[in-house]
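Student: Let me begin by handing over the structure; questions about it come next.
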Protein chains: 2
Amino acid sequence: MLTKAPHLFDDATRVTAGDSRWRGQTSDDYWAFVGPFGGATAATILRALIDHPQRNGDPLALTVNFCAPIAQGAFDLDVRLVKANRSTQHWSVELSQDGAEVATFATAIFAERRASWSHQQAPFPKAKPFEQILPYPKVAASWVKQYDFRFIDGDPDFRSGKAYPASAFSKLWIGDRVPRKIDMLSLMAMSDAFFARIFHAKRELVPFGTVSLTTYFHADAADLEAENTTRVLGVADAKIFHKSYGDQNGELWAPGGRLLATTTQIAYFKA
Amino acid sequence: MLTKAPHLFDDATRVTAGDSRWRGQTSDDYWAFVGPFGGATAATILRALIDHPQRNGDPLALTVNFCAPIAQGAFDLDVRLVKANRSTQHWSVELSQDGAEVATFATAIFAERRASWSHQQAPFPKAKPFEQILPYPKVAASWVKQYDFRFIDGDPDFRSGKAYPASAFSKLWIGDRVPRKIDMLSLMAMSDAFFARIFHAKRELVPFGTVSLTTYFHADAADLEAENTTRVLGVADAKIFHKSYGDQNGELWAPGGRLLATTTQIAYFKA
């Protein structure tokens with residue numbers, strides 16, 4: 001069932017190694033309305049770091065600041081190891097195109113995670129099994145077609161008679177449309193795959209753009225390998241929309257009940 | 001009641017302007033066990049940006065990555081405007097001492113926030129008034145003495161017969177010990193002023209250090225000025241502690257019910 005052959009996602013987030021300068025390119029398959037799907041950009045940045053010969057440990061935290069639109073085509077990734085400690089590394093990545101100003105600016109932390117006291121306080125959200133839910137219909141944006149979204153709560157049905165403002169909460173299964181085993185890269189991309197909270201709250205599409213995204217990984221590569229899953233249960237919510245900016249906070253869970261990642265973002269909207 | 005004269009906090013987060021290189025110094029008044037209180041460092045970084053002649057708009061997001069210990073004394077802040085758009089700015093700040101490697105690495109986003117549709121979905125947490133709660137006793141770390149913490153929930157009382165692991169949730173009023181009107185700087189510092197979640201969950205002090213902190217501002221300077229308050233209601237919780245790292249997510253509310261900031265961090269612990 002798991003595809004081991006080239007997957008669209010791996011193609012979309014492919015990088016060419018450099019020393020401090022790596023190369024990537026936008027993917028038409030993961031295109032959003034006015035630029036690449038931010039999750040694909042974030043995953044491409046993460047791939048350059050994971051593939052870097054100086055990399056030690058697993059991703060712990062990635063913050064991606066979206067500074068300017070990325071045009072279709074190739075981009076450069078200026079990768080810098082800012083500081084290395086015994087068990088952690090601090091990285092910086094600047095994405096630019098054709099020598100222009102920085103379009104995306106990311107910082108990442110990698111860590112060799114040692115066994116410790118372990119306690120998962122957050123409860124695994126109740127959810128109908130994936131198989132019992134209809135896939136979300138394919139929509140216009142190409143990146144949405146690459147995912148299999150199955151809504152348990154907060155299906156963005158703008159026609160229904162919901163209260164207004166509607167709840168910004170969503171709970172859904174997320175998998176790649178062509179099943180692909182969840183790894184750090186797809187987890188990173190999926191942490192940006194929730195629809196804009198403002199769409200849910202306002203029950204309409206409005207101009208929207210993520211400004212900054214931060215994702216924490218609560219599983220290391222070995223943990224993730226052991227989960228051996230092609231989908232995650234995602235929950236996302238918002239706390240406030242004010243003066244053109246709104247927040248989002250989310251969780252990505254393995255079907256077996258392990259919290260894999262938490263994520264937060266702040267986004268611009270026009271409404 | 002509000003002190004307008006020099007406040008310890010302003011002294012602790014003082015910066016000397018440079019062009020791209022600014023100067024700051026650690027404060028014995030805001031010292032933690034093995035280095036400066038991270039919130040003071042974050043606020044000092046934010047002050048350099050707010051005071052920068054090229055700065056436009058108000059703080060929207062600040063991510064601070066703590067890469068290495070900061071020693072007592074002076075430090076340099078290498079401040080860089082990475083990208084400026086019509087209404088947003090992306091900044092990077094690298095803190096170092098005596099030309100050594102980067103000790104703290106921050107990215108910040110400033111924005112001119114325009115009026116928009118506004119909706120605060122998160123409910124204001126129920127809380128006893130500040131005046132009806134006893135201050136948390138002064139403890140050893142000097143930075144804790146600079147704050148007036150009044151716990152409503154999750155008082156870190158390690159002797160009580162609570163369940164184990166105990167809840168990591170806390171709800172408390174936070175003000176400066178010497179009252180000081182809340183501004184962007186103190187809000188930033190307070191977003192790192194929650195005690196380590198692992199202390200609450202394990203009901204003991206263990207070696208701990210914040211690795212990365214992200215705070216989003218949901219009020220601009222005018223909103224904050226209008227609140228005219230010297231304290232915030234803070235709530236903080238954790239979702240998971242695993243393989244030496246744990247998370248924290250928190251909210252800072254104005255007493256009048258406005259959500260001022262949300263914050264998240266990932267921290268190392270040894271247990």
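Following the order of the structure tokens, chains are lettered A, B, ..., residues in each are numbered from 1, and ligands are numbered from 1.
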Write out as JSON, numbers by chain the residues lying within 7 Å of segment 122-132 of chain B, counting only C-alpha atoms and excluding same-chain residues fewer than 5 positions away.

Tutor: {"A": [239, 240], "B": [150, 152, 173, 257]}

Student: According to DSSP computed on the backbone, where in segment 78-270 of chain A is there helix (DSSP H, G or I)? Give the residues as a list in words.

Tutor: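 Helix (DSSP H, G or I) assignments inside segment 78-270 of chain A correspond to Phe130, Glu131, Gln132, Ser142, Trp143, Val144, Lys145, Met184, Leu185, Ser186, Leu187, Met188, Ala189, Met190, Arg197, Ile198, Phe199, His200, Ala201, Lys202, Ala221, Ala222, Asp223, Leu224, Glu225, Ala226 and Glu227 of chain A.
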
Student: Using 6 Å as the limit and counting only C-alpha atoms, can you tabulate each residue of chain B that touches chain A, with its shortest atom-to-atom distance in Å and the two atoms involved, as a Markdown table?

Tutor:
```
| residue | atom | partner | partner_atom | distance |
| --- | --- | --- | --- | --- |
| B:Arg113 | CA | A:Lys243 | CA | 5.4 |
| B:Arg114 | CA | A:Lys243 | CA | 5.1 |
| B:Ala115 | CA | A:Lys243 | CA | 4.7 |
| B:Ser116 | CA | A:Lys243 | CA | 4.9 |
| B:Trp117 | CA | A:Ala271 | CA | 5.5 |
| B:Ser118 | CA | A:His242 | CA | 4.6 |
| B:His119 | CA | A:Phe241 | CA | 5.1 |
| B:Gln120 | CA | A:Ile240 | CA | 4.3 |
| B:Gln121 | CA | A:Lys239 | CA | 5.1 |
| B:Ala122 | CA | A:Lys239 | CA | 4.6 |
| B:Lys239 | CA | A:Ala122 | CA | 4.6 |
| B:Ile240 | CA | A:Gln120 | CA | 4.3 |
| B:Phe241 | CA | A:His119 | CA | 5.1 |
| B:His242 | CA | A:Ser118 | CA | 4.6 |
| B:Lys243 | CA | A:Ala115 | CA | 4.7 |
| B:Ser244 | CA | A:Ser116 | CA | 5.3 |
| B:Ala271 | CA | A:Trp117 | CA | 5.5 |
```

Student: Which residue out of A:Gln54, A:Thr210, A:Thr229, A:Gln248 has the minimum interatomic distance to Ala267 of chain A when only C-alpha atoms are used?

Tutor: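 Of A:Gln54, A:Thr210, A:Thr229, A:Gln248, the one nearest Ala267 of chain A is A:Thr210, counting only C-alpha atoms.
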
Student: Residues near Asp10 of chain A, anyone? I mean within 10 Å using only C-alpha atoms, not counting same-chain ones fewer than 6 positions away, as a list of chain:residue names.

Tutor: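 Once the nearby chain positions are removed, what remains is A:Ala40, A:Ala43, A:Thr44, A:Arg47, A:Arg180, A:Leu185, A:Ser186.
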
Student: Store the residues of this selection in a file with N, CA, C and O atoms, as a compact mmCIF listing (two decimals), in the first residue's frame.

Tutor:
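Result file out.txt:
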```
# COMPACT_ATOMS: atom_id res chain seq x y z
N ALA A 40 4.68 23.18 1.57
CA ALA A 40 5.68 22.59 0.67
C ALA A 40 6.99 23.37 0.76
O ALA A 40 8.08 22.78 0.77
N ALA A 43 8.59 22.36 4.00
CA ALA A 43 9.14 21.01 3.91
C ALA A 43 10.42 20.98 3.07
O ALA A 43 11.35 20.22 3.34
N THR A 44 10.47 21.82 2.05
CA THR A 44 11.68 21.89 1.21
C THR A 44 12.85 22.43 2.02
O THR A 44 13.98 21.92 1.94
N ARG A 47 13.94 19.75 4.29
CA ARG A 47 14.68 18.70 3.58
C ARG A 47 16.14 19.10 3.39
O ARG A 47 17.06 18.28 3.54
N ARG A 180 1.50 8.04 1.45
CA ARG A 180 2.95 8.16 1.64
C ARG A 180 3.19 8.11 3.14
O ARG A 180 2.50 8.79 3.91
N LEU A 185 9.18 15.39 6.99
CA LEU A 185 8.87 16.32 5.90
C LEU A 185 7.38 16.48 5.69
O LEU A 185 6.86 17.59 5.59
N SER A 186 6.68 15.34 5.62
CA SER A 186 5.23 15.46 5.38
C SER A 186 4.53 16.01 6.61
O SER A 186 3.54 16.73 6.51
```

Student: From a DSSP calculation on the backbone, collect every residue of segment 22-258 of chain B in strand (DSSP E or B) and output the set as an MDAnalysis selection string.

Tutor: chainID B and resid 22:25 31 36 58:66 74:84 88:96 104:111 119:120 147:153 170:176 208:217 231:237 240:242 245:253

Student: Within 10 Å of Val144 of chain A, counting only C-alpha atoms, which residues show up once you throw out same-chain ones fewer than 3 positions away? Write them as a list in words, please.

Tutor: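 After dropping sequence-adjacent residues, the list is Asp29, Tyr30, Trp31, Ala32, Phe37, Tyr136, Pro137, Lys138, Val139, Ala140, Ala141, Tyr147, Asp148, Phe149, Asp176, Arg177, Ala193, Phe194 and Phe195 of chain A.
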
Student: Ranking B:Val232, B:Glu204, B:Phe33, B:Ala48 by minimum distance to Arg14 of chain B and counting only C-alpha atoms, which one comes first?

Tutor: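 Closest candidate: B:Ala48.
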
Student: Determine, counting only C-alpha atoms, which protein, DNA and RNA residues have an atom within 10 Å of an atom of Val34 of chain A; residues of the same chain fewer than 4 positions away are not included. Present the result as a VMD selection string.

Tutor: chain A and resid 69 to 72 141 209

Student: Store the residues picked out above in a file with all heavy atoms, as a short mmCIF file (atom, residue, chain, number, x, y, z; two decimals), in the first residue's frame.

Tutor:
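New file selection-v9.cif:
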```cif
data_model
loop_
_atom_site.label_atom_id
_atom_site.label_comp_id
_atom_site.auth_asym_id
_atom_site.auth_seq_id
_atom_site.Cartn_x
_atom_site.Cartn_y
_atom_site.Cartn_z
N PRO A 69 6.16 37.18 -1.76
CA PRO A 69 5.69 36.08 -2.63
C PRO A 69 6.86 35.36 -3.30
O PRO A 69 7.89 35.97 -3.61
CB PRO A 69 4.85 36.81 -3.69
CG PRO A 69 4.51 38.13 -3.09
CD PRO A 69 5.66 38.48 -2.19
N ILE A 70 6.70 34.07 -3.50
CA ILE A 70 7.67 33.27 -4.25
C ILE A 70 7.07 33.05 -5.63
O ILE A 70 5.92 32.63 -5.76
CB ILE A 70 7.92 31.93 -3.55
CG1 ILE A 70 8.52 32.15 -2.14
CG2 ILE A 70 8.84 31.04 -4.39
CD1 ILE A 70 8.61 30.89 -1.30
N ALA A 71 7.86 33.35 -6.66
CA ALA A 71 7.38 33.17 -8.03
C ALA A 71 7.60 31.72 -8.47
O ALA A 71 8.43 31.01 -7.89
CB ALA A 71 8.13 34.12 -8.97
N GLN A 72 6.88 31.30 -9.46
CA GLN A 72 7.07 29.96 -10.03
C GLN A 72 8.51 29.80 -10.48
O GLN A 72 9.06 30.70 -11.12
CB GLN A 72 6.17 29.79 -11.24
CG GLN A 72 4.97 28.88 -11.00
CD GLN A 72 4.14 28.74 -12.26
OE1 GLN A 72 3.97 29.71 -12.99
NE2 GLN A 72 3.62 27.54 -12.50
N ALA A 141 -7.53 24.81 -5.83
CA ALA A 141 -6.09 24.95 -5.60
C ALA A 141 -5.40 23.59 -5.76
O ALA A 141 -5.84 22.60 -5.19
CB ALA A 141 -5.83 25.51 -4.21
N GLY A 209 -2.98 35.21 3.94
CA GLY A 209 -1.61 34.73 3.78
C GLY A 209 -0.94 34.49 5.12
O GLY A 209 -1.00 35.35 6.01
#
```

Student: If you count only C-alpha atoms, which residues fall within 12 Å of Ala74 of chain A, apart from same-chain ones fewer than 3 positions away, as a PyMOL selection string?

Tutor: chain A and resi 12-16+22-28+36+41+44+70-71+77+95-99

Student: Work out how far apart atom CA of Lys171 of chain B and atom CA of Asp183 of chain B are and give it in Å to one decimal.

Tutor: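 A separation of 20.7 Å between them.
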
Student: Report the distance between atom CA of Val178 of chain B and atom CA of Glu227 of chain B in Å, rounded to one decimal place.

Tutor: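 Computed distance, atom CA of Val178 of chain B to atom CA of Glu227 of chain B, equals 18.3 Å.
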
Student: Please measure the separation of atom CA of Asp223 of chain B and atom CA of Leu49 of chain B, giving the value in Å to one decimal.

Tutor: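 Result for atom CA of Asp223 of chain B versus atom CA of Leu49 of chain B: 19.4 Å, one decimal.
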
Student: Using only C-alpha atoms, pick whichever of A:Ala254, A:Ala222, A:Ile50, A:Ala100 has the shortest atom-to-atom distance to Gly175 of chain A.

Tutor: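 Among the listed residues, A:Ala254 lies closest to Gly175 of chain A.
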